[in-house]
Every structure is written in C-alpha cells, then in structure tokens.
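Data first, discussion second: the structure below is written as structure tokens.
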Number of protein chains: 2
Amino acid sequence: MSQRGIDLTTSLGYLLKEASSALRTAMEEALRPLGMTITHYSCLELLAQRPGLSNSELARGAFVTRQSMNVLLQALERDGFVTRPEEARVGKVLPTQLTPRGRRSLEKATVAVRAVEDRMLAGLTQEEQSNALIVLRSMVHALRDDNQDVNPADH
Amino acid sequence: MSQRGIDLTTSLGYLLKEASSALRTAMEEALRPLGMTITHYSCLELLAQRPGLSNSELARGAFVTRQSMNVLLQALERDGFVTRPEEARVGKVLPTQLTPRGRRSLEKATVAVRAVEDRMLAGLTQEEQSNALIVLRSMVHALRDDNQDVNPADH
DNA sequence: CAACCTATGTCAGAATACTGACATGAGTCA
DNA sequence: TGACTCATGTCAGTATTCTGACATAGGTTG
C-alpha cells in the first residue's frame, strides 16, 4: 500500500550524486595547492574558451547564481586575473577578459584538473565514454524546466 | 607548447557536473513545497533503508561532512522526525531511528523525488540505464583516495 | 600494560552559495 | 510613444556547508 522507498544502490540519481561528489572532492584536492576553488577554476576555463563572456553567462556555465559569480569576479578583477570594462558598450553586459596572469594561473590548474579527469576515465573504453556522454546529455535535457511534458520535438 | 584547455562541450567531467546540477535543482523544486531540503530527504531515505545508522554513516551516505549532518540530525530530533539514544551503548556511536512522523514525511517526499527521477530517465532504454550505472560506478571507484596508482586488484 | 592510531560526536568560526531586492537597459506590443 | 516584460549587474542579509579543534572510546602493536 504505502510507497516503497528508492533503492539507493541501483538508483541512477544517487549514483550520479555520488560520482559528482567524488569528482568534486578530487578536484578540490587537486586545486587546493594552487589556492584555487572549483568555481574559480571553472570561471577561468570558461573565459579561456569563450573570451568576453558576461557575469550572468559565466554563472550559468559554472552552475552558480549570478550573484555568486559576481563576488568571485570582483575578487578576480581585484587580484588581476581578469579585466572588465568600466561601462557597458551595450545594455548592462560587461564582457570579461583573461589577463596574462589569469592565463598563466589557468594553465597550472588545467594540468591538475586534467590529471583528475584522466584518472576518472581510466578503465573506460572510448565507446563507454561516448555512450556516457549521450546518456548524461539526455538526462540534462529531460530535467530542463522548459521540458515538462512536451513531446520530443527535435530542434 | 602551452597546455591546451579542456573542451567543456565534450568533457565527461563537465557534463557530470551539469547533470548533477540539473538533478539537484529539480529535486530542490520538488522538495520545496514539502519544506524539505535534499540533505534532509537523503537522511530520511537512508534511515528508512538502513535503520540505526550513526551520524557519521549518514554523513557519508549523503555526501556531506559529519559536522553538517550533526546539525541536521539535531534539528530532525528536535522536530520529532528521528530519535537517538541519550548515551551510546558501545563506543560513541548513536544509532538513529525514524519516528512514525519521520516515516510519514518521507513517504510524501519519495513520491516527489521518484517523479523527478522518472522524468530524468524518460527516453533512456533499460540497457542505457544499466550501462550508465556501470560507467558511473567505475568513475567513483577510480576517484577514490585509496586508489591512487595501484594495479586493478579486485575486491 | 602503555603508546599509538583511528573513528566518533560535538562545538565554534570561516568560507561559500543562495534568496530577496533594486535600478537600469533592451526588446515587444498596442 | 508609452506600458510591459525580461535580462543584467549589484548590494545586503541569510543559510548552508566546510575547516579547525577538542575530548573520548576502541582497537592495535610493541
């Protein structure tokens, strides 16, 4: 009669959280010697690949609120890792750029993070990895707010 | 010469974080009407499946520190969702039990969480799901602290 | 037995992220 | 043009989690 619980040992949701937690811990340990946090690193990595990203765009890319990213950006700007124009050229958007110092800092972090990711992927075939990519993308898509109960309409 | 960045669009680590973030947001929205947080729910679910778990064991199962779980347990005990003995029968371990009220509260939450998980799994075949389980377990294992560079020695 | 190590529960302070709120700029629509 | 909606940057306060620290219980090892 009463609803049975969710079996944690076979729940994809639980295992997803476990894997994410393990990755987070490993990355924190790898970045700690560099005095860098995960959000800190994510911000620099995003800026390296897509220079000129705004505060809100960086927030979405790093999976935090724009308020959290804002305080981080102010610290990064104060310490000379990034630069932002005084005023917006259009709207209120302030495009952010990496400084040479920010780029150097990111390079060390990338080495450390890549080592963690390589360790995580060890023991998985190329096919398993690409299958995992597909499955994770499907989960992300299915969980979107704007995807409550509509039929699968491909872009 | 210089280390190239990590391509976020094809990085399993980044996608893992994205999926985990999406799941977290969806679960928060589902649990908010019940006045329950994710850690809160995780604690009750763990106790339902393995009654008598200690504070530290619950912390590991919910992927938080034992300090965080401790403050949560004190609140849950104060509000009558769980009970703990005054003194430890052996060592310092205080086995925790769900109260009837805690069990009722959990049942509503399980329904909400199951709906989220079903939505996440929609569009995935049974085979894709079990393959994803295997891949995630492999990642978790590879990231363990006590698994730095030893040869694959099974259990 | 004594020294050591590990695990646990707990308190206190620090760090981090979040919610709420406000003003402003851009696009839409009647 | 004016009203409306939406997104952005930012400030302030709150909440949650973490790190540091301590005392204690149990097992291990010499």
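Chain identifiers are assigned as A, B, and so on, following the order in which chains appear in the structure tokens; residues are numbered from 1 within each chain, and ligands are numbered from 1 in order of appearance.
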
Could the residues of segment 42-144 of chain B that have an atom at most 8 Å from segment 12-30 of chain B be listed as a tab-separated table, each with its closest atom pair and the distance in Å to one decimal, counting only C-alpha atoms and ordered by chain and ascending residue number?
```
residue	atom	partner	partner_atom	distance
B:Ala112	CA	B:Ala30	CA	5.8
B:Val113	CA	B:Met27	CA	6.4
B:Val116	CA	B:Met27	CA	6.7
B:Met120	CA	B:Leu23	CA	8.0
```

Keeping N, CA and C atoms, export the residues of the selection given above as a compact mmCIF listing (two decimals), in the first residue's frame.
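again.txt, freshly written:
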```txt
# COMPACT_ATOMS: atom_id res chain seq x y z
N ALA B 112 7.56 12.59 -4.62
CA ALA B 112 8.04 13.74 -5.38
C ALA B 112 9.37 13.43 -6.05
N VAL B 113 10.27 12.80 -5.29
CA VAL B 113 11.60 12.51 -5.83
C VAL B 113 11.52 11.46 -6.93
N VAL B 116 10.73 13.01 -10.19
CA VAL B 116 11.89 13.66 -10.81
C VAL B 116 12.78 12.63 -11.47
N MET B 120 13.84 12.15 -15.39
CA MET B 120 15.24 12.12 -15.83
C MET B 120 15.52 10.90 -16.69
```

Output chain A as a JSON list (two decimals) with C-alpha atoms, in the first residue's frame, after least-squares fitting it to chain B on all in-order C-alpha pairs.
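To be explicit, this is the file written out as selection02.json:
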```
[["chain", "number", "residue", "atom", "x", "y", "z"],
["A", 1, "MET", "CA", 53.67, 24.40, -26.48],
["A", 2, "SER", "CA", 51.33, 25.66, -23.78],
["A", 3, "GLN", "CA", 48.75, 23.26, -22.42],
["A", 4, "ARG", "CA", 45.47, 23.45, -24.29],
["A", 5, "GLY", "CA", 42.30, 23.94, -22.29],
["A", 6, "ILE", "CA", 39.67, 21.32, -21.60],
["A", 7, "ASP", "CA", 36.87, 21.21, -24.14],
["A", 8, "LEU", "CA", 33.79, 21.67, -21.99],
["A", 9, "THR", "CA", 31.34, 20.48, -24.63],
["A", 10, "THR", "CA", 32.86, 16.97, -24.75],
["A", 11, "SER", "CA", 34.24, 16.72, -21.23],
["A", 12, "LEU", "CA", 32.64, 13.94, -19.22],
["A", 13, "GLY", "CA", 33.57, 15.77, -16.04],
["A", 14, "TYR", "CA", 31.80, 18.93, -17.09],
["A", 15, "LEU", "CA", 28.75, 17.04, -18.28],
["A", 16, "LEU", "CA", 28.70, 15.09, -15.03],
["A", 17, "LYS", "CA", 28.58, 18.36, -13.14],
["A", 18, "GLU", "CA", 25.88, 19.70, -15.44],
["A", 19, "ALA", "CA", 23.70, 16.63, -14.98],
["A", 20, "SER", "CA", 24.21, 16.65, -11.25],
["A", 21, "SER", "CA", 23.35, 20.33, -11.10],
["A", 22, "ALA", "CA", 20.19, 19.81, -13.13],
["A", 23, "LEU", "CA", 19.15, 16.94, -10.87],
["A", 24, "ARG", "CA", 19.85, 19.01, -7.76],
["A", 25, "THR", "CA", 17.75, 21.91, -9.02],
["A", 26, "ALA", "CA", 14.87, 19.63, -9.99],
["A", 27, "MET", "CA", 14.93, 17.89, -6.62],
["A", 28, "GLU", "CA", 15.05, 21.19, -4.74],
["A", 29, "GLU", "CA", 11.99, 22.39, -6.62],
["A", 30, "ALA", "CA", 10.19, 19.11, -5.91],
["A", 31, "LEU", "CA", 11.05, 19.13, -2.20],
["A", 32, "ARG", "CA", 10.55, 22.85, -1.54],
["A", 33, "PRO", "CA", 6.72, 22.57, -1.24],
["A", 34, "LEU", "CA", 7.32, 19.97, 1.46],
["A", 35, "GLY", "CA", 9.67, 22.26, 3.35],
["A", 36, "MET", "CA", 12.46, 19.76, 2.90],
["A", 37, "THR", "CA", 16.02, 20.10, 1.67],
["A", 38, "ILE", "CA", 17.95, 17.49, -0.30],
["A", 39, "THR", "CA", 20.25, 16.57, 2.56],
["A", 40, "HIS", "CA", 17.18, 16.42, 4.80],
["A", 41, "TYR", "CA", 15.49, 13.99, 2.41],
["A", 42, "SER", "CA", 18.65, 11.93, 1.87],
["A", 43, "CYS", "CA", 19.00, 11.46, 5.60],
["A", 44, "LEU", "CA", 15.44, 10.15, 5.98],
["A", 45, "GLU", "CA", 15.77, 7.87, 2.95],
["A", 46, "LEU", "CA", 19.00, 6.39, 4.29],
["A", 47, "LEU", "CA", 17.40, 5.75, 7.66],
["A", 48, "ALA", "CA", 14.39, 4.06, 6.06],
["A", 49, "GLN", "CA", 16.60, 1.58, 4.25],
["A", 50, "ARG", "CA", 19.18, 1.04, 6.97],
["A", 51, "PRO", "CA", 17.71, 1.87, 10.38],
["A", 52, "GLY", "CA", 20.17, 2.54, 13.15],
["A", 53, "LEU", "CA", 22.75, 4.37, 11.05],
["A", 54, "SER", "CA", 25.04, 6.66, 13.03],
["A", 55, "ASN", "CA", 25.68, 10.33, 12.42],
["A", 56, "SER", "CA", 28.97, 9.70, 10.63],
["A", 57, "GLU", "CA", 27.51, 6.94, 8.48],
["A", 58, "LEU", "CA", 24.61, 9.18, 7.48],
["A", 59, "ALA", "CA", 27.07, 11.93, 6.61],
["A", 60, "ARG", "CA", 29.01, 9.65, 4.29],
["A", 61, "GLY", "CA", 25.79, 8.42, 2.68],
["A", 62, "ALA", "CA", 24.57, 11.94, 2.06],
["A", 63, "PHE", "CA", 27.98, 13.23, 0.90],
["A", 64, "VAL", "CA", 28.36, 15.91, 3.56],
["A", 65, "THR", "CA", 30.67, 16.24, 6.56],
["A", 66, "ARG", "CA", 29.67, 14.68, 9.84],
["A", 67, "GLN", "CA", 29.49, 18.17, 11.32],
["A", 68, "SER", "CA", 26.83, 19.22, 8.81],
["A", 69, "MET", "CA", 24.87, 16.04, 9.36],
["A", 70, "ASN", "CA", 25.08, 16.58, 13.10],
["A", 71, "VAL", "CA", 23.32, 19.94, 13.03],
["A", 72, "LEU", "CA", 20.68, 18.46, 10.72],
["A", 73, "LEU", "CA", 20.12, 15.50, 13.02],
["A", 74, "GLN", "CA", 19.71, 17.80, 16.01],
["A", 75, "ALA", "CA", 17.00, 19.71, 14.15],
["A", 76, "LEU", "CA", 15.30, 16.50, 12.99],
["A", 77, "GLU", "CA", 15.36, 15.15, 16.54],
["A", 78, "ARG", "CA", 14.00, 18.42, 17.95],
["A", 79, "ASP", "CA", 11.15, 18.33, 15.41],
["A", 80, "GLY", "CA", 10.32, 14.70, 16.10],
["A", 81, "PHE", "CA", 11.37, 13.06, 12.82],
["A", 82, "VAL", "CA", 14.09, 10.87, 14.30],
["A", 83, "THR", "CA", 15.18, 9.59, 17.71],
["A", 84, "ARG", "CA", 18.58, 8.88, 19.16],
["A", 85, "PRO", "CA", 19.44, 7.21, 22.47],
["A", 86, "GLU", "CA", 20.74, 9.45, 25.24],
["A", 87, "GLU", "CA", 23.92, 7.46, 25.61],
["A", 88, "ALA", "CA", 25.91, 5.16, 23.38],
["A", 89, "ARG", "CA", 25.62, 1.44, 24.13],
["A", 90, "VAL", "CA", 29.07, 0.90, 22.68],
["A", 91, "GLY", "CA", 31.72, 3.45, 21.82],
["A", 92, "LYS", "CA", 30.35, 6.88, 21.00],
["A", 93, "VAL", "CA", 28.06, 5.78, 18.17],
["A", 94, "LEU", "CA", 24.44, 6.89, 18.52],
["A", 95, "PRO", "CA", 22.17, 4.76, 16.27],
["A", 96, "THR", "CA", 19.37, 6.84, 14.76],
["A", 97, "GLN", "CA", 15.80, 5.69, 14.11],
["A", 98, "LEU", "CA", 12.91, 7.16, 12.14],
["A", 99, "THR", "CA", 9.78, 8.06, 14.10],
["A", 100, "PRO", "CA", 6.32, 7.41, 12.61],
["A", 101, "ARG", "CA", 6.19, 11.11, 11.84],
["A", 102, "GLY", "CA", 9.52, 10.88, 10.04],
["A", 103, "ARG", "CA", 8.26, 7.92, 8.06],
["A", 104, "ARG", "CA", 5.11, 9.77, 6.98],
["A", 105, "SER", "CA", 7.16, 12.80, 5.97],
["A", 106, "LEU", "CA", 9.49, 10.61, 3.94],
["A", 107, "GLU", "CA", 6.64, 8.96, 2.05],
["A", 108, "LYS", "CA", 5.47, 12.24, 0.56],
["A", 109, "ALA", "CA", 9.01, 13.18, -0.35],
["A", 110, "THR", "CA", 9.67, 9.85, -1.99],
["A", 111, "VAL", "CA", 6.73, 10.37, -4.34],
["A", 112, "ALA", "CA", 8.06, 13.77, -5.39],
["A", 113, "VAL", "CA", 11.62, 12.54, -5.83],
["A", 114, "ARG", "CA", 10.56, 9.48, -7.76],
["A", 115, "ALA", "CA", 8.72, 11.71, -10.22],
["A", 116, "VAL", "CA", 11.92, 13.66, -10.82],
["A", 117, "GLU", "CA", 13.97, 10.51, -11.30],
["A", 118, "ASP", "CA", 11.38, 9.07, -13.68],
["A", 119, "ARG", "CA", 11.49, 12.26, -15.71],
["A", 120, "MET", "CA", 15.26, 12.08, -15.82],
["A", 121, "LEU", "CA", 15.21, 8.47, -17.00],
["A", 122, "ALA", "CA", 12.52, 8.99, -19.64],
["A", 123, "GLY", "CA", 13.94, 8.35, -23.07],
["A", 124, "LEU", "CA", 16.60, 5.94, -21.87],
["A", 125, "THR", "CA", 16.41, 2.22, -22.53],
["A", 126, "GLN", "CA", 16.96, -0.27, -19.75],
["A", 127, "GLU", "CA", 20.29, -1.17, -21.30],
["A", 128, "GLU", "CA", 21.42, 2.44, -21.42],
["A", 129, "GLN", "CA", 20.53, 2.84, -17.77],
["A", 130, "SER", "CA", 22.45, -0.21, -16.61],
["A", 131, "ASN", "CA", 25.42, 0.76, -18.75],
["A", 132, "ALA", "CA", 25.35, 4.20, -17.16],
["A", 133, "LEU", "CA", 25.33, 2.59, -13.72],
["A", 134, "ILE", "CA", 28.47, 0.63, -14.61],
["A", 135, "VAL", "CA", 30.28, 3.66, -15.96],
["A", 136, "LEU", "CA", 29.42, 5.84, -12.96],
["A", 137, "ARG", "CA", 30.53, 3.13, -10.54],
["A", 138, "SER", "CA", 33.82, 2.89, -12.42],
["A", 139, "MET", "CA", 34.36, 6.64, -12.12],
["A", 140, "VAL", "CA", 33.61, 6.65, -8.41],
["A", 141, "HIS", "CA", 36.02, 3.79, -7.85],
["A", 142, "ALA", "CA", 38.79, 5.39, -9.90],
["A", 143, "LEU", "CA", 38.50, 8.66, -7.98],
["A", 144, "ARG", "CA", 38.79, 7.15, -4.51],
["A", 145, "ASP", "CA", 41.65, 8.36, -2.37],
["A", 146, "ASP", "CA", 42.82, 4.85, -1.63],
["A", 147, "ASN", "CA", 43.12, 4.15, -5.33],
["A", 148, "GLN", "CA", 45.90, 6.37, -6.50],
["A", 149, "ASP", "CA", 48.03, 4.15, -8.72],
["A", 150, "VAL", "CA", 47.51, 0.56, -7.66],
["A", 151, "ASN", "CA", 46.88, -2.16, -10.19],
["A", 152, "PRO", "CA", 43.26, -3.20, -10.71],
["A", 153, "ALA", "CA", 42.97, -5.87, -8.01],
["A", 154, "ASP", "CA", 39.38, -7.05, -7.89],
["A", 155, "HIS", "CA", 38.11, -7.42, -4.37]]
```

At most 8 Å to chain B: residues in chain C, only C-alpha atoms (C1' of nucleotides), as a PyMOL selection string: chain C and resi 8-10

Residues flagged strand (DSSP E or B) by DSSP in segment 25-128 of chain B, as a ChimeraX atom specification: /B:82-83,97-98

Write out as JSON lines a residue-level contact list of chain D versus chain A with cut-off 10 Å: for each qualifying residue the closest pair of atoms and the distance in Å to one decimal, counting only C-alpha atoms (C1' of nucleotides), rows sorted by chain and residue number upward.
```
{"residue": "D:DA7", "atom": "C1'", "partner": "A:Lys92", "partner_atom": "CA", "distance": 9.2}
{"residue": "D:DT8", "atom": "C1'", "partner": "A:Lys92", "partner_atom": "CA", "distance": 5.7}
{"residue": "D:DG9", "atom": "C1'", "partner": "A:Lys92", "partner_atom": "CA", "distance": 6.8}
{"residue": "D:DT10", "atom": "C1'", "partner": "A:Gln67", "partner_atom": "CA", "distance": 7.9}
{"residue": "D:DC11", "atom": "C1'", "partner": "A:Gln67", "partner_atom": "CA", "distance": 9.7}
```

Generate the output file for the selected residues, all heavy atoms, as a short mmCIF file (atom, residue, chain, number, x, y, z; two decimals), in the first residue's frame.
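The result, written out as part.cif:
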```
data_model
loop_
_atom_site.label_atom_id
_atom_site.label_comp_id
_atom_site.auth_asym_id
_atom_site.auth_seq_id
_atom_site.Cartn_x
_atom_site.Cartn_y
_atom_site.Cartn_z
P DA D 7 14.37 36.36 -19.35
OP1 DA D 7 14.55 35.15 -20.19
OP2 DA D 7 13.89 36.24 -17.95
"O5'" DA D 7 15.75 37.16 -19.33
"C5'" DA D 7 16.30 37.64 -20.55
"C4'" DA D 7 17.46 38.58 -20.25
"O4'" DA D 7 16.94 39.80 -19.69
"C3'" DA D 7 18.46 38.02 -19.23
"O3'" DA D 7 19.78 38.20 -19.74
"C2'" DA D 7 18.22 38.84 -17.98
"C1'" DA D 7 17.68 40.15 -18.53
N9 DA D 7 16.77 40.84 -17.62
C8 DA D 7 15.65 40.32 -17.02
N7 DA D 7 15.03 41.17 -16.24
C5 DA D 7 15.78 42.32 -16.33
C6 DA D 7 15.64 43.60 -15.73
N6 DA D 7 14.66 43.92 -14.90
N1 DA D 7 16.58 44.53 -16.04
C2 DA D 7 17.58 44.20 -16.86
N3 DA D 7 17.81 43.04 -17.49
C4 DA D 7 16.86 42.14 -17.18
P DT D 8 21.01 37.53 -18.97
OP1 DT D 8 21.84 36.97 -20.05
OP2 DT D 8 20.50 36.69 -17.87
"O5'" DT D 8 21.80 38.74 -18.33
"C5'" DT D 8 22.07 39.91 -19.10
"C4'" DT D 8 22.38 41.07 -18.19
"O4'" DT D 8 21.17 41.46 -17.51
"C3'" DT D 8 23.37 40.74 -17.07
"O3'" DT D 8 24.64 41.26 -17.39
"C2'" DT D 8 22.78 41.42 -15.82
"C1'" DT D 8 21.54 42.12 -16.33
N1 DT D 8 20.38 42.09 -15.40
C2 DT D 8 20.08 43.21 -14.67
O2 DT D 8 20.73 44.25 -14.74
N3 DT D 8 18.99 43.09 -13.84
C4 DT D 8 18.17 41.97 -13.68
O4 DT D 8 17.24 41.97 -12.91
C5 DT D 8 18.56 40.83 -14.47
C7 DT D 8 17.75 39.57 -14.37
C6 DT D 8 19.62 40.93 -15.29
P DG D 9 25.92 40.84 -16.50
OP1 DG D 9 27.12 40.99 -17.34
OP2 DG D 9 25.61 39.55 -15.86
"O5'" DG D 9 25.95 41.96 -15.37
"C5'" DG D 9 26.05 43.33 -15.75
"C4'" DG D 9 26.01 44.22 -14.53
"O4'" DG D 9 24.68 44.20 -13.97
"C3'" DG D 9 26.96 43.79 -13.39
"O3'" DG D 9 27.66 44.93 -12.91
"C2'" DG D 9 26.02 43.18 -12.35
"C1'" DG D 9 24.73 43.95 -12.58
N9 DG D 9 23.51 43.21 -12.23
C8 DG D 9 23.18 41.93 -12.62
N7 DG D 9 22.02 41.54 -12.16
C5 DG D 9 21.55 42.63 -11.43
C6 DG D 9 20.34 42.79 -10.70
O6 DG D 9 19.42 41.98 -10.55
N1 DG D 9 20.27 44.06 -10.10
C2 DG D 9 21.23 45.02 -10.20
N2 DG D 9 21.00 46.17 -9.56
N3 DG D 9 22.37 44.88 -10.88
C4 DG D 9 22.46 43.66 -11.47
P DT D 10 28.78 44.73 -11.79
OP1 DT D 10 29.74 45.84 -11.93
OP2 DT D 10 29.25 43.34 -11.82
"O5'" DT D 10 27.97 44.95 -10.44
"C5'" DT D 10 27.21 46.15 -10.27
"C4'" DT D 10 26.38 46.08 -9.00
"O4'" DT D 10 25.27 45.17 -9.19
"C3'" DT D 10 27.13 45.55 -7.77
"O3'" DT D 10 27.32 46.63 -6.87
"C2'" DT D 10 26.21 44.49 -7.19
"C1'" DT D 10 24.90 44.71 -7.92
N1 DT D 10 24.06 43.50 -8.09
C2 DT D 10 22.81 43.48 -7.54
O2 DT D 10 22.34 44.40 -6.91
N3 DT D 10 22.10 42.31 -7.75
C4 DT D 10 22.53 41.20 -8.45
O4 DT D 10 21.82 40.21 -8.56
C5 DT D 10 23.86 41.28 -8.99
C7 DT D 10 24.43 40.13 -9.76
C6 DT D 10 24.56 42.42 -8.80
P DC D 11 28.29 46.43 -5.60
OP1 DC D 11 29.16 47.61 -5.52
OP2 DC D 11 28.88 45.08 -5.62
"O5'" DC D 11 27.25 46.50 -4.40
"C5'" DC D 11 26.33 47.59 -4.32
"C4'" DC D 11 25.24 47.27 -3.30
"O4'" DC D 11 24.39 46.24 -3.85
"C3'" DC D 11 25.78 46.75 -1.97
"O3'" DC D 11 25.29 47.55 -0.89
"C2'" DC D 11 25.28 45.31 -1.89
"C1'" DC D 11 24.07 45.31 -2.82
N1 DC D 11 23.83 43.99 -3.46
C2 DC D 11 22.60 43.36 -3.32
O2 DC D 11 21.71 43.92 -2.66
N3 DC D 11 22.40 42.16 -3.90
C4 DC D 11 23.37 41.58 -4.61
N4 DC D 11 23.12 40.40 -5.17
C5 DC D 11 24.64 42.21 -4.78
C6 DC D 11 24.83 43.40 -4.18
#
```

DSSP alpha helix (DSSP H) selection over chain A, as a VMD selection string: chain A and resid 12 to 31 38 to 49 55 to 62 66 to 78 100 to 121 126 to 143

Selection near segment 19-23 of chain D, 9 Å with only C-alpha atoms (C1' of nucleotides), sequence-local residues under 2 positions removed, as a PyMOL selection string: chain C and resi 10-15

Who sits within 10 Å of DC4 of chain C, only C-alpha atoms (C1' of nucleotides), same chain under 2 positions skipped, as a PyMOL selection string: (chain C and resi 2+6) or (chain D and resi 28-30)

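Atom pair atom C1' of DG2 of chain D / atom C1' of DG20 of chain C: separated by 29.1 Å.
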
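In this model, the gap between atom C1' of DT16 of chain C and atom C1' of DC18 of chain D comes to 8.5 Å.
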